[in-house]
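Q: Structure provided below as structure tokens; questions to follow.
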There are 2 protein chains.
Amino acid sequence: MPPDVFFSGPGLDRADAARGEPATLEAFARSPQARQLAWADGLPALDAGGRLCWEPVTEPALFLGLDGDTPCFSPIGAGGGDLRAQFGALAHLSAAEAPTFAAATSLASWHRRHGYCAACGQPSAIVRGGWSRQCGACGTEHYPRVDPVVIMLAEHDGRVLLGRQPRFPPHRYSALAGFVEVGESLEAAVARELFEEAGVRATNVRYVASQPWPFPSSLMIACLASVGDEALTIDHAELEDARWFSRDAVAAAMAGDADASFIAPPPFAIAHSLLACWLAA
Amino acid sequence: MPPDVFFSGPGLDRADAARGEPATLEAFARSPQARQLAWADGLPALDAGGRLCWEPVTEPALFLGLDGDTPCFSPIGAGGGDLRAQFGALAHLSAAEAPTFAAATSLASWHRRHGYCAACGQPSAIVRGGWSRQCGACGTEHYPRVDPVVIMLAEHDGRVLLGRQPRFPPHRYSALAGFVEVGESLEAAVARELFEEAGVRATNVRYVASQPWPFPSSLMIACLASVGDEALTIDHAELEDARWFSRDAVAAAMAGDADASFIAPPPFAIAHSLLACWLAA
């Protein structure tokens, strides 16, 4: 049974064919029911119920897709916002609209940071309703980045390995994670990261779930892995601490018990879904 | 049991910590056993046995990693090469060295196509042993792209859906595929691609395997999906044809039978592993 993962629903109909048709996009933008995403403090604005806020179309830079017959656009957006503001928004955001929040946030962020052609250095311009940029000088087309990240629970003798980064809130522990590199399978990336960060040798890597994570554009891929030897060699450049936690300790943290030995990752993080999945197995 | 997938083995020890230490990289490049990859016709050169060819270090631009105690480098490489040359090389390439071939090919290709800062348009320079580029003007650091692609078999009533692109060799059919977009989980991307390309509604998406695919830097993620209705609406902008194939038809094609109804994807493609996995289930 796949776990419930925030951000991972279907979202809008992306209507890919329309992106390549400027006349269709113009007609969408002019249609009476068309709407554009409102932004506040660098993120899509949310109402009191955690739902996205929409306004009349004034800057149809990015075509997010169709909600039924309603064309949905976004301006490039205001950008960034710090991690605390982001996490505050996520704790409040409606699960049904989370995929649209993620797509708009990642897409807008990519445009803000990629105004020039990496191949020749000249300015590039938005094409395909914001789903690519094309260089005005050399013609190279550039596509929004999606950066795969593996995030994993190593298991040994009924316990799981969790770590904490220095930037985490006090007592928070979570699954180890790292970017997948060129020339690597997901399984190879899981094994490399576990060895680099904790000195453990993984076998039997199993996929669990995936999640788009829009800060700025990661694709989180959650896995379980078996480890034969519990001895840890922690990379303190990456992690402040890492340790093995029993099933009871994880259950207490996930339940938010006051005397739990650590604080679990928040429900919108795929690490939370991964721990829930492991507990349920 | 995970399937056997070309390119997906562990490869070299990437020795991540050394990348951030210029003195270590210089010592590696000067060591007597250090070697650099030889290139021919835009791809890593192969000997008669399909193994990578190495030469003394003259241009330690990219630090590929350690093979035991042997530091392995690559120049930026010659670039591109057409699809036929690439597939010719793959049919010949040693499986054990395929991960190194993939990492070097993707990394070299990324550097050739990303000489300028996408944030400000000024030239960027290689840092971290080739695992990133930094802008000399604004300081932005850029990392090699890894572009996740979903590739999937839709199943209905014991048959699987395969399609062919116009560029395929005659009679070749393979799994449908497409790039994962920002704001999408893998499962959402599988469902979107199957609906866009073939008009079928997927449920119950299951991960099977992954593979780095270095033309130029895809991460192939292979899945199975269930489909409730076999009616197809083919997007002829993407596919020349798509149809359902029985288990017997797939078995005949995978065995290379002369009277098979189609030609299966080659063994180095993850679509081949995916079909083999489906047949074995």
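If you're wondering about the labels, chains in the structure tokens are A, B, ... by order shown, residues count from 1 in each chain, ligands from 1 in order shown.
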Can you list every residue in stretch 233-273 of chain B that DSSP puts in alpha helix (DSSP H), as a list in words?
A: Arg247, Asp248, Ala249, Val250, Ala251, Ala252, Ala253, Met254, Ile270, Ala271, His272 and Ser273 of chain B
Q: Please check the contacts: residues of chain B at most 7 Å away from chain A, using only C-alpha atoms, listed as a ChimeraX atom specification.
A: /B:8-10,99-100,102-103,106-107,113-122,146-148,181-186,188,207,210-212,214,217
Q: Can you write out the residues you just picked, keeping C-alpha atoms, as an mmCIF file, in the first residue's frame?
A:
data_model
loop_
_atom_site.group_PDB
_atom_site.id
_atom_site.type_symbol
_atom_site.label_atom_id
_atom_site.label_comp_id
_atom_site.auth_asym_id
_atom_site.auth_seq_id
_atom_site.Cartn_x
_atom_site.Cartn_y
_atom_site.Cartn_z
ATOM 1 C CA SER B 8 23.071 0.822 -12.686
ATOM 2 C CA GLY B 9 25.999 -0.676 -10.784
ATOM 3 C CA PRO B 10 28.106 1.122 -8.181
ATOM 4 C CA PRO B 99 28.524 3.393 -14.642
ATOM 5 C CA THR B 100 31.880 5.144 -15.178
ATOM 6 C CA ALA B 102 27.758 7.145 -17.909
ATOM 7 C CA ALA B 103 29.149 9.503 -15.274
ATOM 8 C CA SER B 106 27.021 13.118 -18.669
ATOM 9 C CA LEU B 107 29.487 15.250 -16.756
ATOM 10 C CA ARG B 113 26.848 23.018 -22.759
ATOM 11 C CA HIS B 114 26.990 25.157 -19.589
ATOM 12 C CA GLY B 115 29.942 27.534 -19.864
ATOM 13 C CA TYR B 116 27.953 30.582 -18.705
ATOM 14 C CA CYS B 117 26.053 31.505 -15.565
ATOM 15 C CA ALA B 118 22.298 31.170 -16.112
ATOM 16 C CA ALA B 119 21.703 33.732 -13.347
ATOM 17 C CA CYS B 120 23.767 36.609 -14.822
ATOM 18 C CA GLY B 121 25.194 35.549 -18.208
ATOM 19 C CA GLN B 122 28.898 35.804 -17.273
ATOM 20 C CA VAL B 146 20.111 14.947 -13.638
ATOM 21 C CA ASP B 147 16.779 14.841 -15.474
ATOM 22 C CA PRO B 148 14.331 12.239 -14.143
ATOM 23 C CA GLU B 181 8.034 17.928 -14.440
ATOM 24 C CA VAL B 182 8.292 20.285 -11.461
ATOM 25 C CA GLY B 183 5.479 19.753 -8.965
ATOM 26 C CA GLU B 184 5.007 16.086 -9.924
ATOM 27 C CA SER B 185 5.590 12.853 -8.056
ATOM 28 C CA LEU B 186 6.825 9.899 -10.126
ATOM 29 C CA ALA B 188 1.687 11.559 -11.114
ATOM 30 C CA TYR B 207 8.295 1.283 -9.128
ATOM 31 C CA SER B 210 16.174 2.918 -12.212
ATOM 32 C CA GLN B 211 19.029 3.619 -14.607
ATOM 33 C CA PRO B 212 21.296 6.575 -15.375
ATOM 34 C CA PRO B 214 23.876 9.501 -20.274
ATOM 35 C CA SER B 217 21.872 13.096 -18.372
#
Q: Find, counting only C-alpha atoms, the residue in B:Ser74, B:Arg51, B:Leu64, B:Arg128 that gets nearest to B:Gln36.
A: B:Ser74
Q: Could you list, as JSON, numbers by chain, every residue within 7 Å of A:Pro71, counting only C-alpha atoms and ignoring same-chain residues fewer than 4 positions away?
A: {"A": [28, 34, 35, 65, 66, 67]}
Q: For A:Arg19, which residue out of A:Trp54, A:Pro3, A:Ala95, A:Ile126 is the nearest one, using only C-alpha atoms?
A: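 Ranked by minimum distance to A:Arg19, first place goes to A:Ile126.
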Q: Between atom CA of B:Phe73 and atom CA of B:Pro32, what is the distance in Å, rounded to a tenth?
A: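 Straight-line distance from atom CA of B:Phe73 to atom CA of B:Pro32 works out to 13.1 Å.
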Q: Tell me which of B:Phe87, B:Ser273, B:Gln33, B:Pro265 sits closest to B:Gly68, counting only C-alpha atoms.
A: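 Using only C-alpha atoms, the shortest distance to B:Gly68 belongs to B:Gln33.
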Q: Just to confirm, what's the straight-line distance from atom CA of A:Met152 to atom CA of A:Ala271 in Å (one decimal)?
A: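 One can read the atom CA of A:Met152 to atom CA of A:Ala271 distance as 7.9 Å.
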Q: Write out as a PyMOL selection string the residues lying within 12 Å of stretch 157-165 of chain B, counting only C-alpha atoms and excluding same-chain residues fewer than 5 positions away.
A: chain B and resi 151-152+170-177+194+197-200+202+224-232+234-251+262-265+271-272+274-275+278-279+281
Q: List every residue of stretch 21-112 of chain B that DSSP, applied to the backbone, labels as strand (DSSP E), and write the result as an MDAnalysis selection string.
A: chainID B and resid 35:37 39:40 43:44 54:55 62:67 70:74
Q: Next, the residues of the selection above should be written as a PDB file, in the first residue's frame with C-alpha atoms.
A:
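And here's again_22.pdb as it stands now:
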ATOM      1  CA  ARG B  35      44.945   8.084 -15.228  1.00  0.00           C
ATOM      2  CA  GLN B  36      42.527   9.925 -17.449  1.00  0.00           C
ATOM      3  CA  LEU B  37      39.796   8.647 -19.713  1.00  0.00           C
ATOM      4  CA  TRP B  39      37.803   9.832 -25.776  1.00  0.00           C
ATOM      5  CA  ALA B  40      37.064   8.910 -29.394  1.00  0.00           C
ATOM      6  CA  LEU B  43      32.368   9.201 -26.427  1.00  0.00           C
ATOM      7  CA  PRO B  44      34.710   7.471 -23.979  1.00  0.00           C
ATOM      8  CA  TRP B  54      42.903   5.192 -20.005  1.00  0.00           C
ATOM      9  CA  GLU B  55      45.971   7.365 -20.637  1.00  0.00           C
ATOM     10  CA  LEU B  62      36.907  16.181 -14.074  1.00  0.00           C
ATOM     11  CA  PHE B  63      37.655  13.961 -11.079  1.00  0.00           C
ATOM     12  CA  LEU B  64      35.628  10.811 -11.697  1.00  0.00           C
ATOM     13  CA  GLY B  65      36.670   9.075  -8.485  1.00  0.00           C
ATOM     14  CA  LEU B  66      38.952   6.369  -7.140  1.00  0.00           C
ATOM     15  CA  ASP B  67      39.333   2.835  -8.508  1.00  0.00           C
ATOM     16  CA  THR B  70      43.889   4.854  -8.544  1.00  0.00           C
ATOM     17  CA  PRO B  71      42.622   8.411  -9.108  1.00  0.00           C
ATOM     18  CA  CYS B  72      40.567   8.566 -12.314  1.00  0.00           C
ATOM     19  CA  PHE B  73      40.108  11.813 -14.244  1.00  0.00           C
ATOM     20  CA  SER B  74      38.605  12.871 -17.526  1.00  0.00           C
TER      21      SER B  74
END
Q: Please report the interatomic distance between atom CA of B:Cys53 and atom CA of A:Val190 in Å with one decimal.
A: 28.5 Å
